[in-house]
>>> print(open('protein_2.tsv').read())   # TSV, N, CA and C atoms
chain	number	residue	atom	x	y	z
A	1	MET	N	0.82	-1.19	0.00
A	1	MET	CA	0.00	0.00	0.00
A	1	MET	C	0.87	1.25	0.00
A	2	LEU	N	1.97	1.20	0.74
A	2	LEU	CA	2.88	2.33	0.79
A	2	LEU	C	3.51	2.56	-0.59
A	3	ARG	N	3.80	1.46	-1.27
A	3	ARG	CA	4.41	1.55	-2.59
A	3	ARG	C	3.45	2.25	-3.57
A	4	LEU	N	2.18	1.90	-3.51
A	4	LEU	CA	1.18	2.53	-4.36
A	4	LEU	C	1.07	4.02	-4.04
A	5	ALA	N	1.10	4.35	-2.76
A	5	ALA	CA	1.00	5.76	-2.36
A	5	ALA	C	2.20	6.56	-2.87
A	6	ILE	N	3.39	5.98	-2.82
A	6	ILE	CA	4.59	6.67	-3.30
A	6	ILE	C	4.51	6.88	-4.81
A	7	LYS	N	4.11	5.84	-5.53
A	7	LYS	CA	4.01	5.97	-6.99
A	7	LYS	C	2.95	6.98	-7.38
A	8	THR	N	1.82	6.96	-6.70
A	8	THR	CA	0.75	7.92	-6.99
A	8	THR	C	1.21	9.34	-6.68
A	9	GLY	N	1.92	9.51	-5.58
A	9	GLY	CA	2.43	10.83	-5.23
A	9	GLY	C	3.43	11.36	-6.25
A	10	LEU	N	4.32	10.48	-6.73
A	10	LEU	CA	5.29	10.91	-7.74
A	10	LEU	C	4.60	11.27	-9.05
A	11	ALA	N	3.64	10.46	-9.46
A	11	ALA	CA	2.92	10.75	-10.71
A	11	ALA	C	2.13	12.05	-10.58
A	12	GLY	N	1.47	12.23	-9.46
A	12	GLY	CA	0.71	13.46	-9.24
A	12	GLY	C	1.61	14.68	-9.20
A	13	SER	N	2.75	14.54	-8.57
A	13	SER	CA	3.71	15.66	-8.51
A	13	SER	C	4.21	16.01	-9.90
A	14	ALA	N	4.49	15.01	-10.71
A	14	ALA	CA	4.97	15.26	-12.07
A	14	ALA	C	3.91	15.99	-12.89
A	15	VAL	N	2.67	15.58	-12.78
A	15	VAL	CA	1.60	16.24	-13.52
A	15	VAL	C	1.40	17.66	-13.01
A	16	TYR	N	1.41	17.84	-11.70
A	16	TYR	CA	1.23	19.18	-11.12
A	16	TYR	C	2.36	20.11	-11.57
A	17	TYR	N	3.61	19.65	-11.46
A	17	TYR	CA	4.74	20.49	-11.82
A	17	TYR	C	4.71	20.83	-13.32
A	18	SER	N	4.39	19.84	-14.15
A	18	SER	CA	4.36	20.11	-15.59
A	18	SER	C	3.24	21.10	-15.93
A	19	ARG	N	2.15	21.03	-15.21
A	19	ARG	CA	1.06	21.99	-15.45
A	19	ARG	C	1.45	23.38	-14.97
A	20	GLU	N	2.13	23.46	-13.83
A	20	GLU	CA	2.57	24.76	-13.31
A	20	GLU	C	3.59	25.41	-14.25
A	21	GLU	N	4.40	24.58	-14.91
A	21	GLU	CA	5.40	25.11	-15.85
A	21	GLU	C	4.77	25.53	-17.17
A	22	GLY	N	3.53	25.15	-17.41
A	22	GLY	CA	2.85	25.55	-18.63
A	22	GLY	C	3.09	24.62	-19.79
A	23	ILE	N	3.55	23.41	-19.51
A	23	ILE	CA	3.83	22.48	-20.60
A	23	ILE	C	2.56	22.13	-21.36
A	24	TRP	N	1.44	22.04	-20.69
A	24	TRP	CA	0.19	21.63	-21.34
A	24	TRP	C	-0.48	22.79	-22.09
A	25	ASN	N	-0.03	24.02	-21.85
A	25	ASN	CA	-0.67	25.17	-22.47
A	25	ASN	C	0.08	25.68	-23.70
A	26	GLU	N	1.34	25.30	-23.87
A	26	GLU	CA	2.16	25.84	-24.94
A	26	GLU	C	2.30	24.85	-26.08
A	27	ASN	N	2.88	25.35	-27.15
A	27	ASN	CA	3.25	24.50	-28.27
A	27	ASN	C	4.49	23.70	-27.87
A	28	THR	N	4.61	22.48	-28.34
A	28	THR	CA	5.73	21.61	-27.96
A	28	THR	C	7.06	22.21	-28.37
A	29	ASP	N	7.10	22.85	-29.54
A	29	ASP	CA	8.34	23.46	-30.01
A	29	ASP	C	8.78	24.58	-29.07
A	30	GLN	N	7.84	25.36	-28.58
A	30	GLN	CA	8.18	26.46	-27.67
A	30	GLN	C	8.71	25.91	-26.35
A	31	VAL	N	8.11	24.84	-25.85
A	31	VAL	CA	8.56	24.25	-24.60
A	31	VAL	C	9.98	23.71	-24.76
A	32	TYR	N	10.23	23.02	-25.86
A	32	TYR	CA	11.56	22.46	-26.10
A	32	TYR	C	12.60	23.57	-26.20
A	33	GLU	N	12.29	24.62	-26.93
A	33	GLU	CA	13.24	25.73	-27.08
A	33	GLU	C	13.49	26.41	-25.73
A	34	ARG	N	12.42	26.60	-24.94
A	34	ARG	CA	12.58	27.26	-23.64
A	34	ARG	C	13.50	26.45	-22.73
A	35	TYR	N	13.27	25.14	-22.65
A	35	TYR	CA	14.12	24.30	-21.78
A	35	TYR	C	15.51	24.14	-22.34
A	36	SER	N	15.65	24.09	-23.66
A	36	SER	CA	16.97	24.00	-24.27
A	36	SER	C	17.79	25.25	-23.95
A	37	ASN	N	17.16	26.41	-24.07
A	37	ASN	CA	17.86	27.66	-23.75
A	37	ASN	C	18.18	27.75	-22.26
A	38	ALA	N	17.30	27.24	-21.42
A	38	ALA	CA	17.54	27.30	-19.98
A	38	ALA	C	18.67	26.36	-19.57
A	39	LEU	N	18.86	25.26	-20.28
A	39	LEU	CA	19.90	24.29	-19.91
A	39	LEU	C	21.26	24.60	-20.50
A	40	GLN	N	21.34	25.47	-21.49
A	40	GLN	CA	22.62	25.77	-22.13
A	40	GLN	C	23.68	26.29	-21.14
A	41	PRO	N	23.39	27.23	-20.24
A	41	PRO	CA	24.43	27.69	-19.30
A	41	PRO	C	24.90	26.57	-18.37
A	42	HIS	N	23.98	25.75	-17.93
A	42	HIS	CA	24.36	24.65	-17.04
A	42	HIS	C	25.19	23.62	-17.80
A	43	LEU	N	24.86	23.40	-19.03
A	43	LEU	CA	25.61	22.46	-19.85
A	43	LEU	C	27.03	22.98	-20.08
A	44	ALA	N	27.16	24.29	-20.25
A	44	ALA	CA	28.49	24.87	-20.44
A	44	ALA	C	29.34	24.72	-19.18
A	45	SER	N	28.75	24.93	-18.00
A	45	SER	CA	29.52	24.78	-16.76
A	45	SER	C	29.91	23.33	-16.53
A	46	VAL	N	29.05	22.40	-16.91
A	46	VAL	CA	29.38	20.98	-16.76
A	46	VAL	C	30.51	20.61	-17.71
A	47	LYS	N	30.52	21.17	-18.91
A	47	LYS	CA	31.59	20.90	-19.87
A	47	LYS	C	32.94	21.36	-19.32
A	48	GLN	N	32.95	22.48	-18.60
A	48	GLN	CA	34.19	22.98	-18.03
A	48	GLN	C	34.68	22.09	-16.88
A	49	GLN	N	33.78	21.53	-16.12
A	49	GLN	CA	34.14	20.72	-14.96
A	49	GLN	C	34.52	19.29	-15.33
A	50	ILE	N	33.92	18.77	-16.36
A	50	ILE	CA	34.16	17.38	-16.76
A	50	ILE	C	35.02	17.37	-18.01
A	51	PRO	N	36.12	16.63	-18.00
A	51	PRO	CA	36.99	16.63	-19.18
A	51	PRO	C	36.43	15.81	-20.35
A	52	VAL	N	35.31	15.15	-20.13
A	52	VAL	CA	34.71	14.34	-21.19
A	52	VAL	C	33.86	15.24	-22.08
A	53	GLU	N	33.87	14.96	-23.38
A	53	GLU	CA	33.08	15.77	-24.30
A	53	GLU	C	31.61	15.38	-24.18
A	54	VAL	N	30.77	16.37	-23.92
A	54	VAL	CA	29.33	16.15	-23.80
A	54	VAL	C	28.71	16.45	-25.16
A	55	PRO	N	27.91	15.52	-25.70
A	55	PRO	CA	27.32	15.78	-27.02
A	55	PRO	C	26.29	16.91	-26.95
A	56	ALA	N	26.07	17.52	-28.08
A	56	ALA	CA	25.11	18.62	-28.16
A	56	ALA	C	23.69	18.06	-28.01
A	57	LEU	N	22.80	18.92	-27.53
A	57	LEU	CA	21.41	18.52	-27.44
A	57	LEU	C	20.86	18.31	-28.83
A	58	PRO	N	19.98	17.34	-29.02
A	58	PRO	CA	19.44	17.11	-30.36
A	58	PRO	C	18.54	18.28	-30.79
A	59	THR	N	18.49	18.48	-32.08
A	59	THR	CA	17.65	19.56	-32.60
A	59	THR	C	16.19	19.16	-32.50
A	60	ASN	N	15.33	20.13	-32.65
A	60	ASN	CA	13.90	19.89	-32.55
A	60	ASN	C	13.43	18.91	-33.63
A	61	GLY	N	13.98	19.04	-34.83
A	61	GLY	CA	13.60	18.14	-35.91
A	61	GLY	C	14.00	16.70	-35.62
A	62	GLU	N	15.19	16.51	-35.03
A	62	GLU	CA	15.64	15.16	-34.69
A	62	GLU	C	14.75	14.54	-33.62
A	63	VAL	N	14.37	15.33	-32.62
A	63	VAL	CA	13.51	14.82	-31.56
A	63	VAL	C	12.16	14.42	-32.13
A	64	CYS	N	11.60	15.25	-33.00
A	64	CYS	CA	10.31	14.93	-33.62
A	64	CYS	C	10.41	13.67	-34.46
A	65	PHE	N	11.49	13.54	-35.25
A	65	PHE	CA	11.66	12.36	-36.09
A	65	PHE	C	11.78	11.10	-35.23
A	66	LEU	N	12.61	11.15	-34.20
A	66	LEU	CA	12.79	9.97	-33.35
A	66	LEU	C	11.50	9.59	-32.63
A	67	THR	N	10.77	10.59	-32.16
A	67	THR	CA	9.50	10.32	-31.48
A	67	THR	C	8.53	9.62	-32.43
A	68	LYS	N	8.40	10.15	-33.63
A	68	LYS	CA	7.50	9.55	-34.61
A	68	LYS	C	7.96	8.15	-35.00
A	69	HIS	N	9.28	8.00	-35.18
A	69	HIS	CA	9.82	6.71	-35.60
A	69	HIS	C	9.53	5.63	-34.56
A	70	TYR	N	9.85	5.91	-33.31
A	70	TYR	CA	9.65	4.89	-32.27
A	70	TYR	C	8.17	4.67	-31.98
A	71	TRP	N	7.35	5.69	-32.13
A	71	TRP	CA	5.90	5.50	-31.98
A	71	TRP	C	5.41	4.55	-33.06
A	72	ASN	N	5.84	4.79	-34.30
A	72	ASN	CA	5.41	3.94	-35.40
A	72	ASN	C	5.92	2.51	-35.22
A	73	GLU	N	7.13	2.33	-34.72
A	73	GLU	CA	7.63	0.98	-34.47
A	73	GLU	C	6.79	0.27	-33.41
A	74	GLY	N	6.36	0.99	-32.40
A	74	GLY	CA	5.49	0.40	-31.39
A	74	GLY	C	4.14	0.00	-31.97
A	75	VAL	N	3.59	0.84	-32.84
A	75	VAL	CA	2.32	0.52	-33.48
A	75	VAL	C	2.48	-0.71	-34.37
A	76	LYS	N	3.57	-0.76	-35.14
A	76	LYS	CA	3.81	-1.91	-36.01
A	76	LYS	C	3.94	-3.20	-35.20
A	77	GLY	N	4.67	-3.13	-34.09
A	77	GLY	CA	4.83	-4.31	-33.24
A	77	GLY	C	3.50	-4.76	-32.65
A	78	SER	N	2.68	-3.82	-32.25
A	78	SER	CA	1.37	-4.17	-31.69
A	78	SER	C	0.48	-4.81	-32.74
A	79	ILE	N	0.47	-4.24	-33.94
A	79	ILE	CA	-0.35	-4.79	-35.02
A	79	ILE	C	0.15	-6.17	-35.40
A	80	TYR	N	1.47	-6.37	-35.43
A	80	TYR	CA	2.02	-7.69	-35.75
A	80	TYR	C	1.59	-8.71	-34.71
A	81	PHE	N	1.61	-8.32	-33.44
A	81	PHE	CA	1.17	-9.24	-32.39
A	81	PHE	C	-0.30	-9.58	-32.57
A	82	ILE	N	-1.13	-8.59	-32.86
A	82	ILE	CA	-2.55	-8.85	-33.06
A	82	ILE	C	-2.75	-9.75	-34.29
A	83	HIS	N	-1.96	-9.53	-35.33
A	83	HIS	CA	-2.04	-10.35	-36.53
A	83	HIS	C	-1.69	-11.81	-36.22
A	84	ARG	N	-0.69	-12.02	-35.38
A	84	ARG	CA	-0.24	-13.37	-35.04
A	84	ARG	C	-0.99	-13.98	-33.87
A	85	LEU	N	-1.91	-13.26	-33.26
A	85	LEU	CA	-2.62	-13.73	-32.08
A	85	LEU	C	-3.36	-15.04	-32.30
A	86	PRO	N	-4.05	-15.26	-33.41
A	86	PRO	CA	-4.69	-16.57	-33.58
A	86	PRO	C	-3.70	-17.73	-33.57
A	87	CYS	N	-2.55	-17.53	-34.17
A	87	CYS	CA	-1.51	-18.57	-34.17
A	87	CYS	C	-1.01	-18.80	-32.75
A	88	TYR	N	-0.76	-17.71	-32.03
A	88	TYR	CA	-0.31	-17.85	-30.64
A	88	TYR	C	-1.35	-18.58	-29.79
A	89	LEU	N	-2.62	-18.21	-29.98
A	89	LEU	CA	-3.67	-18.86	-29.20
A	89	LEU	C	-3.75	-20.35	-29.52
A	90	GLY	N	-3.58	-20.72	-30.79
A	90	GLY	CA	-3.57	-22.13	-31.16
A	90	GLY	C	-2.43	-22.88	-30.50
A	91	GLN	N	-1.24	-22.27	-30.48
A	91	GLN	CA	-0.08	-22.90	-29.83
A	91	GLN	C	-0.31	-23.05	-28.33
A	92	TRP	N	-0.81	-21.99	-27.71
A	92	TRP	CA	-1.03	-22.05	-26.26
A	92	TRP	C	-2.12	-23.06	-25.90
A	93	THR	N	-3.15	-23.16	-26.76
A	93	THR	CA	-4.22	-24.13	-26.51
A	93	THR	C	-3.68	-25.55	-26.62
A	94	LYS	N	-2.87	-25.81	-27.64
A	94	LYS	CA	-2.29	-27.15	-27.80
A	94	LYS	C	-1.40	-27.49	-26.61
A	95	GLN	N	-0.58	-26.55	-26.17
A	95	GLN	CA	0.27	-26.80	-25.01
A	95	GLN	C	-0.57	-27.09	-23.77
A	96	ALA	N	-1.65	-26.36	-23.60
A	96	ALA	CA	-2.51	-26.56	-22.43
A	96	ALA	C	-3.20	-27.92	-22.48
A	97	THR	N	-3.73	-28.29	-23.66
A	97	THR	CA	-4.39	-29.59	-23.75
A	97	THR	C	-3.41	-30.73	-23.58
A	98	ASP	N	-2.20	-30.59	-24.11
A	98	ASP	CA	-1.18	-31.63	-23.91
A	98	ASP	C	-0.83	-31.77	-22.43
A	99	ALA	N	-0.71	-30.64	-21.74
A	99	ALA	CA	-0.39	-30.68	-20.32
A	99	ALA	C	-1.52	-31.32	-19.52
A	100	ILE	N	-2.77	-31.00	-19.87
A	100	ILE	CA	-3.92	-31.59	-19.16
A	100	ILE	C	-3.99	-33.08	-19.43
A	101	LYS	N	-3.78	-33.50	-20.69
A	101	LYS	CA	-3.80	-34.92	-21.01
A	101	LYS	C	-2.70	-35.67	-20.25
A	102	LYS	N	-1.53	-35.07	-20.19
A	102	LYS	CA	-0.42	-35.70	-19.49
A	102	LYS	C	-0.72	-35.82	-17.99
A	103	ALA	N	-1.37	-34.79	-17.44
A	103	ALA	CA	-1.67	-34.80	-16.00
A	103	ALA	C	-2.79	-35.77	-15.67
A	104	THR	N	-3.74	-35.99	-16.60
A	104	THR	CA	-4.88	-36.86	-16.30
A	104	THR	C	-4.63	-38.32	-16.66
A	105	ASN	N	-3.63	-38.61	-17.47
A	105	ASN	CA	-3.33	-40.01	-17.80
A	105	ASN	C	-2.78	-40.71	-16.56
A	106	PRO	N	-3.23	-41.95	-16.32
A	106	PRO	CA	-2.69	-42.68	-15.17
A	106	PRO	C	-1.23	-43.05	-15.43
A	107	PRO	N	-0.45	-43.12	-14.38
A	107	PRO	CA	0.95	-43.48	-14.58
A	107	PRO	C	1.04	-44.93	-15.06
A	108	PRO	N	2.08	-45.27	-15.81
A	108	PRO	CA	2.21	-46.64	-16.29
A	108	PRO	C	2.39	-47.59	-15.10
A	109	PRO	N	1.85	-48.82	-15.23
A	109	PRO	CA	1.98	-49.77	-14.11
A	109	PRO	C	3.44	-50.13	-13.86
A	110	VAL	N	3.75	-50.31	-12.60
A	110	VAL	CA	5.10	-50.68	-12.21
A	110	VAL	C	5.25	-52.17	-12.47
A	111	ASP	N	6.30	-52.55	-13.13
A	111	ASP	CA	6.53	-53.96	-13.46
A	111	ASP	C	7.08	-54.65	-12.22
A	112	SER	N	6.22	-55.38	-11.51
A	112	SER	CA	6.64	-56.05	-10.28
A	112	SER	C	7.01	-57.51	-10.51
A	113	ALA	N	6.90	-58.01	-11.72
A	113	ALA	CA	7.22	-59.41	-12.01
A	113	ALA	C	8.69	-59.74	-11.75
A	114	PRO	N	9.65	-58.95	-12.15
A	114	PRO	CA	11.05	-59.30	-11.85
A	114	PRO	C	11.33	-59.30	-10.35
A	115	VAL	N	10.69	-58.42	-9.59
A	115	VAL	CA	10.91	-58.39	-8.16
A	115	VAL	C	10.33	-59.64	-7.53
A	116	ALA	N	9.13	-60.07	-7.98
A	116	ALA	CA	8.50	-61.28	-7.43
A	116	ALA	C	9.32	-62.51	-7.77
A	117	ALA	N	9.86	-62.60	-8.97
A	117	ALA	CA	10.67	-63.74	-9.37
A	117	ALA	C	11.95	-63.81	-8.57
A	118	ALA	N	12.54	-62.66	-8.30
A	118	ALA	CA	13.78	-62.64	-7.53
A	118	ALA	C	13.52	-63.05	-6.09
A	119	SER	N	12.40	-62.62	-5.52
A	119	SER	CA	12.10	-62.99	-4.14
A	119	SER	C	11.73	-64.49	-4.05
A	120	ALA	N	11.10	-65.02	-5.09
A	120	ALA	CA	10.77	-66.45	-5.10
A	120	ALA	C	12.03	-67.29	-5.22
A	121	ALA	N	13.01	-66.81	-5.94
A	121	ALA	CA	14.25	-67.55	-6.11
A	121	ALA	C	15.05	-67.59	-4.82
A	122	THR	N	14.95	-66.55	-4.00
A	122	THR	CA	15.70	-66.52	-2.75
A	122	THR	C	15.02	-67.35	-1.66
A	123	LYS	N	13.73	-67.63	-1.79
A	123	LYS	CA	12.99	-68.43	-0.79
A	123	LYS	C	13.36	-69.92	-0.91
A	124	ILE	N	13.76	-70.33	-2.04
A	124	ILE	CA	14.03	-71.75	-2.23
A	124	ILE	C	15.31	-72.14	-1.60
>>> encode(input="protein_2.tsv", output="structure tokens")
Amino acid sequence: MLRLAIKTGLAGSAVYYSREEGIWNENTDQVYERYSNALQPHLASVKQQIPVEVPALPTNGEVCFLTKHYWNEGVKGSIYFIHRLPCYLGQWTKQATDAIKKATNPPPPVDSAPVAAASAATKI
């Protein structure tokens, strides 16, 4: 229950903060440009402190392209799964019926004849 409360609080805080910042009221390009410009001074100070080269922020066009590309890949994957769903259901049904048949079949009888013959031979 505590875990649910923490997750709900974090999600609510994220929505509240994003609304207070005006993300939902502006154009996406304006929001990206505003945050990009706000992060440039901090990025410059980090570059001075860290000897590793920090790559440049992606341009707005690149972000839009990547967002669209990965969204479309997700849609394609979902449609492919739906397309293959009858085949998957057939496979899962066969596996389930095989498992049920195996579980309901009686075990093979234990061959007790060699044990009885051996015990009869030792009695003599």
>>> select_by_dssp(input="protein_2.tsv", residues="segment 21-113 of chain A", states="helix (DSSP H, G or I)", output="number ranges by chain")
A: 21, 28-49, 60-104, 113
>>> atom_distance(input="protein_2.tsv", atom1="atom CA of Ser13 of chain A", atom2="atom CA of Thr59 of chain A")
28.1 Å
>>> atom_distance(input="protein_2.tsv", atom1="atom CA of Val52 of chain A", atom2="atom C of Arg34 of chain A")
24.5 Å
>>> atom_distance(input="protein_2.tsv", atom1="atom CA of Tyr35 of chain A", atom2="atom CA of Asn60 of chain A")
11.6 Å
